[in-house]
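K.L.:
Below: one structure in structure tokens.
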Protein chains: 2
Amino acid sequence: MPRSKQFDKEKVLEKAMHLFWEKGYHATSMQDLIDTLGINRASLYDTFGSKKELFDLALSHYQDQNAKIIAGFLYYQTNVRQGIYLLFDRMIDDALNNDIPRGCFTTNTTTELASADEKSKKLIAEDKSVIEEIYTNYLQYGVNQSQISPYKDLKNISSYLYALQSGIKVISKVQPNKEQLLKLVSTGLSVLD
Amino acid sequence: MPRSKQFDKEKVLEKAMHLFWEKGYHATSMQDLIDTLGINRASLYDTFGSKKELFDLALSHYQDQNAKIIAGFLYYQTNVRQGIYLLFDRMIDDALNNDIPRGCFTTNTTTELASADEKSKKLIAEDKSVIEEIYTNYLQYGVNQSQISPYKDLKNISSYLYALQSGIKVISKVQPNKEQLLKLVSTGLSVLD
DNA sequence: TGAGTAGTGGAATAATTATTCCAAAAAATA
DNA sequence: TATTTTTTGGAATAATTATTCCACTACTCA
């Protein structure tokens, strides 16, 4: 009978995600991964194929996780304006919550790989749609609850929110000041008024 | 008597800037640079020292150029709201104006290097201050001209504008649709009202 | 126990990387 | 022409890269 798997593929992927998130694709070497993941070089190749395949999987994993967190968080926020504000608050925490501010895995990958690599470009574009749809639905809820003006273009606001969060996650890397970032968010969310 | 310089250092730097801008630091090899710049490997090292030094110089060059363009552009825009809108219009053109959308050199570098490299982090933070100050001064002009409410926190709005432009330049890499980006800008600029 | 698979350690490969070096060619002018 | 410096082509170096391979160990269960 075969020996059973000794390591948890999910956990290994999670570690890979964090490393790629922090360092980016090019700056992460297979040696880095082997040192960090705690599994053998051969096992790594056996399980994940190649560096690029592992990266794509890690990015997907991040995006799935992220979308669930956002949708799950908003689900419990009945005050829409405040809900979005608190979501951004969380995102900022997440971007800063490290020795070195790592920003957002998706945003980092967008600027590093999207123009040269079709696979990641596709992943990012799809993720963008998913996130924007979550925003649109949530804003629609706000309209239904008379919290948001029915004259707003919700899809447009959603893509605006996506742009704003991207920008904040970029800036978090050079100006890791939560207070200032939050003030900026307040300003940005006044478009909902 | 010495032979005179055969190539224009400025022009070579300009080419290097475009290459780094398009491909990023890690994905650009010295061989790429040699092929693109049209000068010899030895001349490259003689003139610029190392890949990293050349990169830093190229980034600085971009930032200087960029700040001048922004300040110069706004100088002739007497309608502040429209001026900022048209500036963003230009920025979008610039980010998209290539076979492959290259976004913004500064934004790209922020996500690729800022957390690992102090030099670029410093360059970016300084550039951010410069840009935000240009915005603040321009907005102050708007207040003086009674185009902008005197109750606005101009520094806060400036850092918001910086975040918004960063976000737009990120998105331009996966969604190179000028019309949609401009609609998003219109929404974002409603914070000035 | 023993067959079968999973995982390991490490060597080996092959490609690419940044960088250094050198000898020769090219240009400028005294 | 002679001298000085720039520039070039290309070889050489040394480090790092992703990837493959193999012999060995570890584990599972029929």
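Every chain in the structure tokens takes a letter, A first, then B, and so on in the order presented; its residues are numbered from 1, and the ligands are numbered from 1 following the presented order.
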Please list as a PyMOL selection string every residue within 12 Å of segment 8-14 of chain C, counting only C-alpha atoms (C1' of nucleotides) and excluding residues in the same chain fewer than 3 positions away.
P.N.:
(chain A and resi 6+38-44) or (chain D and resi 17-26)
K.L.:
Which residue out of A:Thr107, A:Gln140, A:Gln180, A:Gln63 has the minimum interatomic distance to Ala163 of chain A when only C-alpha atoms are used?
P.N.:
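Smallest distance to Ala163 of chain A is found for A:Thr107.
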K.L.:
Go through B:Lys178, B:Arg81, B:Lys169, B:Lys121 and flag the residue nearest Val143 of chain B, using only C-alpha atoms for the distances.
P.N.:
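Among the listed residues, B:Arg81 lies closest to Val143 of chain B.
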K.L.:
Taking only C-alpha atoms (C1' of nucleotides) into account, report as a CSV table (one decimal) with C-alpha atoms (C1' of nucleotides), in the first residue's frame which residues of chain C lie within 6 Å of chain A.
P.N.:
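Saved the output as iface37.csv:
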```
chain,number,residue,atom,x,y,z
C,4,DG,C1',4.4,-0.1,-3.4
C,5,DT,C1',4.3,4.7,-3.0
C,6,DA,C1',5.8,9.2,-0.8
```
K.L.:
Any idea which chain B residues end up within 9 Å of chain A if we count only C-alpha atoms, as number ranges by chain please?
P.N.:
B: 22-24, 26-27, 100-104, 107-116, 121-122, 124-125, 156-171, 173-175, 180-181, 183-185, 187-191
K.L.:
Could you give me, as CSV, every chain D residue with an atom at most 6 Å from chain A, plus its closest atom pair and distance in Å to one decimal, counting only C-alpha atoms (C1' of nucleotides), rows ordered by chain then number?
P.N.:
```
residue,atom,partner,partner_atom,distance
D:DC27,C1',A:Arg3,CA,5.0
D:DT28,C1',A:Arg3,CA,4.9
D:DC29,C1',A:Met1,CA,5.3
```
K.L.:
Give me, please, the distance in Å between atom CA of Leu74 of chain B and atom CA of Tyr141 of chain B, quoted to one decimal.
P.N.:
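Computing the Euclidean distance for atom CA of Leu74 of chain B and atom CA of Tyr141 of chain B yields 10.7 Å.
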